[in-house]
Each structure stands twice: as structure tokens, then as C-alpha cells.
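Heads up, entry_3.txt below (compact mmCIF, C-alpha atoms):
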```
# COMPACT_ATOMS: atom_id res chain seq x y z
CA MET W 1 17.35 18.53 5.05
CA ASN W 2 14.23 18.17 2.92
CA PHE W 3 13.88 15.40 0.36
CA GLU W 4 11.18 15.79 -2.30
CA ILE W 5 9.50 12.79 -3.83
CA VAL W 6 6.51 12.09 -6.07
CA LEU W 7 4.01 9.36 -5.22
CA ALA W 8 2.68 7.67 -8.32
CA SER W 9 -0.90 7.29 -7.16
CA THR W 10 -4.24 9.01 -7.58
CA ASN W 11 -5.60 7.43 -4.38
CA PRO W 12 -6.10 10.26 -1.84
CA HIS W 13 -6.05 7.82 1.10
CA LYS W 14 -2.68 6.45 -0.01
CA VAL W 15 -1.25 9.95 -0.52
CA LYS W 16 -2.39 10.95 2.97
CA GLU W 17 -0.89 7.84 4.55
CA TYR W 18 2.48 8.27 2.85
CA ARG W 19 2.62 11.89 3.96
CA GLU W 20 1.84 10.91 7.54
CA ILE W 21 4.60 8.29 7.55
CA LEU W 22 7.31 10.14 5.63
CA SER W 23 6.87 13.82 6.53
CA LYS W 24 8.37 13.43 10.01
CA HIS W 25 11.58 12.25 8.36
CA GLY W 26 11.98 15.39 6.27
CA ILE W 27 10.42 13.92 3.15
CA THR W 28 7.91 15.98 1.17
CA VAL W 29 5.48 13.84 -0.80
CA TYR W 30 3.91 15.35 -3.92
CA SER W 31 0.86 13.87 -5.57
CA PHE W 32 0.06 14.01 -9.26
CA SER W 33 -2.49 16.73 -8.55
CA ASP W 34 0.13 18.84 -6.75
CA LEU W 35 2.12 18.87 -9.99
CA ASN W 36 -0.93 19.27 -12.23
CA LEU W 37 -0.26 15.89 -13.80
CA ASP W 38 -3.02 13.85 -15.37
CA LEU W 39 -1.31 10.62 -16.31
CA PRO W 40 -3.04 7.64 -17.91
CA ASP W 41 -3.65 4.64 -15.68
CA VAL W 42 -1.02 1.93 -15.81
CA GLU W 43 -2.26 -1.58 -16.48
CA GLU W 44 -1.15 -3.62 -13.48
CA ASP W 45 -0.50 -6.82 -15.41
CA GLY W 46 2.61 -7.94 -13.56
CA LYS W 47 2.72 -11.34 -11.90
CA THR W 48 4.15 -9.98 -8.65
CA PHE W 49 3.72 -6.93 -6.42
CA LYS W 50 7.30 -5.98 -7.31
CA ALA W 51 6.65 -6.05 -11.05
CA ASN W 52 3.58 -3.84 -10.74
CA ALA W 53 5.32 -1.36 -8.43
CA ILE W 54 8.26 -1.04 -10.81
CA LYS W 55 5.98 -0.54 -13.81
CA LYS W 56 4.06 2.25 -12.10
CA ALA W 57 7.21 3.97 -10.82
CA LEU W 58 8.98 3.91 -14.19
CA ASN W 59 5.89 5.19 -15.98
CA ALA W 60 5.58 8.21 -13.67
CA ALA W 61 9.33 8.80 -13.76
CA LYS W 62 9.09 9.66 -17.46
CA TYR W 63 7.01 12.74 -16.63
CA VAL W 64 8.78 14.22 -13.59
CA HIS W 65 12.32 15.15 -12.57
CA PHE W 66 11.83 14.22 -8.92
CA PRO W 67 12.51 10.78 -7.47
CA VAL W 68 9.32 8.73 -7.75
CA ILE W 69 7.82 6.07 -5.51
CA ALA W 70 5.03 3.70 -6.47
CA ASP W 71 3.71 0.77 -4.56
CA ASP W 72 1.69 -2.33 -5.12
CA SER W 73 0.09 -3.96 -2.15
CA GLY W 74 -2.39 -6.66 -1.40
CA LEU W 75 -4.04 -9.09 0.94
CA SER W 76 -3.16 -12.78 0.69
CA LEU W 77 -5.33 -15.43 2.35
CA LYS W 78 -3.83 -18.76 3.37
CA ALA W 79 -7.08 -20.70 2.98
CA LEU W 80 -7.57 -19.35 -0.54
CA LYS W 81 -4.02 -20.17 -1.70
CA GLY W 82 -2.88 -16.54 -1.59
CA PHE W 83 -5.96 -15.02 -3.19
CA PRO W 84 -6.64 -12.17 -3.87
CA GLY W 85 -2.92 -11.26 -3.75
CA ILE W 86 -1.93 -9.11 -6.72
CA LYS W 87 -5.61 -9.01 -7.68
CA THR W 88 -6.61 -7.35 -4.41
CA ALA W 89 -7.74 -4.04 -5.94
CA ARG W 90 -9.39 -5.74 -8.91
CA PHE W 91 -11.30 -8.04 -6.56
CA ALA W 92 -12.89 -5.00 -4.89
CA LYS W 93 -13.96 -3.66 -8.27
CA GLU W 94 -15.41 -7.03 -9.25
CA CYS W 95 -17.42 -7.04 -6.04
CA GLY W 96 -18.88 -3.62 -6.84
CA ASN W 97 -17.16 -1.73 -4.03
CA GLN W 98 -14.77 -2.15 -1.12
CA ILE W 99 -17.46 -2.88 1.46
CA ASN W 100 -18.81 -5.77 -0.61
CA ALA W 101 -15.28 -7.11 -1.07
CA ASN W 102 -14.62 -7.12 2.66
CA LYS W 103 -17.87 -8.95 3.35
CA GLU W 104 -17.18 -11.43 0.56
CA ILE W 105 -13.76 -12.26 2.02
CA ILE W 106 -15.35 -13.06 5.40
CA LYS W 107 -17.99 -15.19 3.70
CA ARG W 108 -15.42 -17.20 1.74
CA LEU W 109 -13.44 -17.94 4.90
CA GLU W 110 -16.33 -19.41 6.87
CA GLY W 111 -15.12 -22.62 8.45
CA LYS W 112 -11.59 -22.11 7.12
CA SER W 113 -8.31 -20.66 8.36
CA HIS W 114 -8.41 -16.90 8.77
CA ASP W 115 -4.63 -16.54 8.50
CA ALA W 116 -3.62 -13.71 6.17
CA THR W 117 -0.73 -11.47 5.20
CA PHE W 118 -0.65 -7.89 3.96
CA THR W 119 2.21 -7.08 1.59
CA CYS W 120 3.47 -3.74 0.29
CA VAL W 121 6.28 -3.35 -2.22
CA ILE W 122 7.63 0.15 -2.93
CA ALA W 123 9.67 0.89 -6.04
CA LEU W 124 11.81 4.03 -6.05
CA ALA W 125 12.77 5.38 -9.48
CA ASN W 126 14.73 8.40 -10.78
CA LEU W 127 17.37 8.00 -8.07
CA ALA W 128 19.60 5.14 -9.22
CA ASP W 129 20.30 3.32 -12.49
CA LYS W 130 17.45 0.93 -11.75
CA PRO W 131 14.48 1.06 -9.36
CA LEU W 132 15.21 0.34 -5.72
CA ILE W 133 12.80 -2.05 -4.01
CA PHE W 134 11.51 -2.05 -0.42
CA GLU W 135 9.10 -4.67 0.90
CA GLY W 136 6.95 -4.77 4.02
CA ILE W 137 4.92 -7.79 5.15
CA VAL W 138 2.52 -8.04 8.09
CA LYS W 139 1.04 -11.31 9.30
CA GLY W 140 -2.42 -11.42 10.82
CA LYS W 141 -5.93 -12.78 10.62
CA ILE W 142 -9.22 -11.83 9.02
CA SER W 143 -11.93 -10.84 11.49
CA ASP W 144 -15.16 -12.80 11.85
CA SER W 145 -17.31 -9.76 11.15
CA TYR W 146 -17.19 -6.51 9.24
CA LYS W 147 -17.18 -3.24 11.16
CA GLY W 148 -16.41 0.09 9.56
CA GLU W 149 -18.54 1.36 6.72
CA THR W 150 -16.03 3.85 5.37
CA SER W 151 -12.35 3.09 5.39
CA PHE W 152 -9.23 2.49 3.39
CA GLY W 153 -9.27 -0.87 1.63
CA TYR W 154 -9.31 -4.03 3.70
CA ASP W 155 -8.40 -2.31 6.98
CA PRO W 156 -11.76 -3.13 8.67
CA ILE W 157 -11.22 -6.90 8.40
CA PHE W 158 -7.45 -7.33 8.90
CA ILE W 159 -6.19 -7.90 12.46
CA PRO W 160 -2.37 -7.64 12.61
CA GLU W 161 -0.53 -10.27 14.64
CA GLY W 162 -0.31 -9.36 18.32
CA LYS W 163 -3.18 -6.90 18.15
CA GLY W 164 -6.78 -7.44 19.10
CA LYS W 165 -8.10 -4.82 16.71
CA THR W 166 -8.25 -4.38 12.96
CA PHE W 167 -6.16 -1.77 11.16
CA TYR W 168 -9.36 0.29 10.94
CA HIS W 169 -9.81 0.35 14.73
CA ILE W 170 -6.15 0.77 15.71
CA ASP W 171 -5.17 4.39 16.28
CA LYS W 172 -3.55 6.05 13.27
CA ASN W 173 -0.12 6.52 14.85
CA THR W 174 0.14 2.85 15.77
CA LYS W 175 -0.95 1.73 12.32
CA ASN W 176 1.65 4.01 10.74
CA GLU W 177 4.32 2.16 12.72
CA ILE W 178 3.29 -1.45 12.12
CA SER W 179 1.46 -1.64 8.79
CA HIS W 180 2.89 -3.30 5.69
CA ARG W 181 3.23 0.14 4.10
CA ALA W 182 4.96 1.52 7.20
CA LEU W 183 7.46 -1.36 7.23
CA ALA W 184 8.28 -0.83 3.55
CA CYS W 185 8.65 2.91 4.20
CA LYS W 186 11.08 2.25 7.06
CA LYS W 187 13.36 0.42 4.63
CA LEU W 188 13.01 3.30 2.16
CA ILE W 189 13.88 5.81 4.89
CA THR W 190 16.92 3.77 5.91
CA ALA W 191 18.18 3.71 2.31
CA LEU W 192 17.77 7.48 1.98
CA LYS W 193 19.65 8.02 5.26
CA VAL W 194 22.50 5.73 4.19
CA ASN W 195 22.86 7.85 1.06
CA ASN W 196 22.74 11.07 3.11
CA LEU W 197 19.60 12.24 1.30
CA ILE W 198 17.66 12.88 4.50
```
Go ahead and render the structure in this file as C-alpha cells.
Amino acid sequence: MNFEIVLASTNPHKVKEYREILSKHGITVYSFSDLNLDLPDVEEDGKTFKANAIKKALNAAKYVHFPVIADDSGLSLKALKGFPGIKTARFAKECGNQINANKEIIKRLEGKSHDATFTCVIALANLADKPLIFEGIVKGKISDSYKGETSFGYDPIFIPEGKGKTFYHIDKNTKNEISHRALACKKLITALKVNNLI
């Protein structure tokens, strides 16, 4: 059985990761470009990951007939009272690029706790009366140094609990089993199986 879904994102790295995680469960993930959609950006002004994910999912759902998933994710640092949290993507933009943001995080944590969590909240729209929510959280630490000039987000500086390597240096298959996005996807997959959709 094949289940078709649209990912409300223009981020090619995110599209690739969702396809890697979901395709082996009989789920086909379409991107906006696959459907020739050029939708305006959604202002992520929610106060929680959940609020932003729902807003993005409902916006995309107006333009397609497929079920839609959208996520909001972020890095929260214990020593910085949860910062950057829901401002994770904006923080990278404020720093000029992702590499600068990663280095800035390490700098701000000098002499402080490196404890951190990565959160991903997926909202699924166009399937039920209201969006369904799936959350994945991974605990870990921020590394002492930055290694990995090109990568996806904060992967080069986040070391998941129980691992001695960052997400960037862990092999792809392992990351796609233990990451915050993978954990949220597992809950999504379970819900689809319960409803006999996959």
C-alpha cells in the first residue's frame, strides 16, 4: 500500500531526510516543486513549535488535496534558558549563515553547561477534522568545537545522548533512527498504521 503525502517545506535537505525516513514504510513524499507549487512563505510567529507546525501545515493544505505534513524544529540550550528554541532558524539568519550560528553557539556556552535538546513537532493536515500532532525530542550536548563545513543545520555541533559523535558524523541510517525528526516520524507512521493507511 502506498500513501502519498506533501511536505510543506522548500528546504531540500529536509525533503531528502523525510523521504529517507518515510519511503521504506510505503509513504511517498512530494515536495512543493514536485507539484509545481510556489507558495508564499509562512510567517513563523507562533510561540511554540506546535503552533508553527500547525500554521505551516494548514497553509499548504489549502492548495493541495493530499494529506500534508509540516514541521517546526529547533535546538534548545539549558544554559541559555532554552534559547534559540523556536528562533533556531532565525538565529542562523541573524548570524549570517549556519556555520556562523554553530560557532556562535559554542562561543556562548564557554564555561557553561553544554546540555541541549533537539525538538521536532510534525503537524499532519488534510486527514482528520483538525491537525494531528507528533513530537520527537532528543537529549544531548553541544560539542566543544565545530567540525563540518557543509551540513544540515546544527548537526555538526549536537551530540545525541549515548553517542560520542555529532549528528553530522553519525552514519545516515543511524541518524534516521534516533534523531528528533525520526522519533516524530515514528509516531506519525504508527498513527497511519493504526488507521490502516499504510
Select, from W:Ile178, W:Ala123, W:Ala51, W:Ile27, the residue with the minimum atom-to-atom distance to Ile137 of chain W, counting all atoms listed in the file.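 Closest to Ile137 of chain W, using all atoms listed in the file: W:Ile178.
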Atom pair atom CA of Thr117 of chain W + atom CA of Val138 of chain W, distance 5.5 Å
Which residues, protein or nucleic acid, reach to within 10 Å of (14.3, 1.1, -7.2) in the file's coordinates when using all atoms listed in the file, and can you give that as a VMD selection string? chain W and resid 50 53 to 54 57 to 58 67 to 70 122 to 134 188
Around (-9.4, -9.5, 4.4) in the file's frame, which residues reach within 8 Å when counting only C-alpha atoms? Return as a list of chain:residue names?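 Residues found, by chain and rising number: W:Leu75, W:Ser76, W:Leu77, W:Asn102, W:Ile105, W:Ile106, W:Ala116, W:Lys141, W:Ile142, W:Ser143, W:Tyr154, W:Asp155, W:Ile157, W:Phe158.
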At a cut-off of 7 Å, can you tabulate as a Markdown table every residue of segment 21-137 of chain W near segment 179-187 of chain W together with its closest atom pair and the distance in Å to one decimal, using all atoms listed in the file and ordering rows by chain then number?
```
| residue | atom | partner | partner_atom | distance |
| --- | --- | --- | --- | --- |
| W:Ile21 | CA | W:Ala182 | CA | 6.8 |
| W:Phe118 | CA | W:His180 | CA | 6.0 |
| W:Thr119 | CA | W:His180 | CA | 5.6 |
| W:Cys120 | CA | W:Arg181 | CA | 5.4 |
| W:Val121 | CA | W:Ala184 | CA | 6.6 |
| W:Ile122 | CA | W:Ala184 | CA | 6.6 |
| W:Phe134 | CA | W:Ala184 | CA | 5.3 |
| W:Glu135 | CA | W:Ala184 | CA | 4.7 |
| W:Gly136 | CA | W:Ala184 | CA | 4.2 |
| W:Ile137 | CA | W:His180 | CA | 5.0 |
```
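Contact shell of His25 of chain W at 9 Å (all atoms listed in the file; same-chain neighbours under 4 positions omitted): Asn2, Phe3, Ile21, Ile189 and Ile198 of chain W.
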Option closest in space to Lys93 of chain W, from W:Pro40, W:Gly140, W:Gly153, W:Gly46 [counting all atoms listed in the file]: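 Once distances to Lys93 of chain W are computed over all atoms listed in the file, the minimum belongs to W:Gly153.
In this structure, atom CA of Lys78 of chain W sits 19.6 Å away from atom CA of Gly164 of chain W.
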If you measure from atom CA of Tyr18 of chain W to atom CA of Ser145 of chain W, what distance in Å do you get, rounded to one decimal?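 Value for the atom CA of Tyr18 of chain W-atom CA of Ser145 of chain W distance: 28.0 Å.
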For Ser33 of chain W, please output as a compact mmCIF listing (two decimals) with C-alpha atoms, in the frame of the given file all residues within 12 Å (counting only C-alpha atoms; exclusion window: fewer than 6 positions along the same chain).
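Saved file around-v2.txt follows:
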```txt
# COMPACT_ATOMS: atom_id res chain seq x y z
CA VAL W 6 6.51 12.09 -6.07
CA LEU W 7 4.01 9.36 -5.22
CA ALA W 8 2.68 7.67 -8.32
CA SER W 9 -0.90 7.29 -7.16
CA THR W 10 -4.24 9.01 -7.58
CA ASN W 11 -5.60 7.43 -4.38
CA PRO W 12 -6.10 10.26 -1.84
CA VAL W 15 -1.25 9.95 -0.52
CA LEU W 39 -1.31 10.62 -16.31
```
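Nearest to Phe152 of chain W of all the residues W:Ser113, W:His13, W:Tyr63, W:Cys95 is W:His13, counting only C-alpha atoms.
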Nearest to Thr174 of chain W among W:Glu110, W:Lys87, W:Ala79, W:Pro160, with distances taken over all atoms listed in the file: which residue is it? W:Pro160
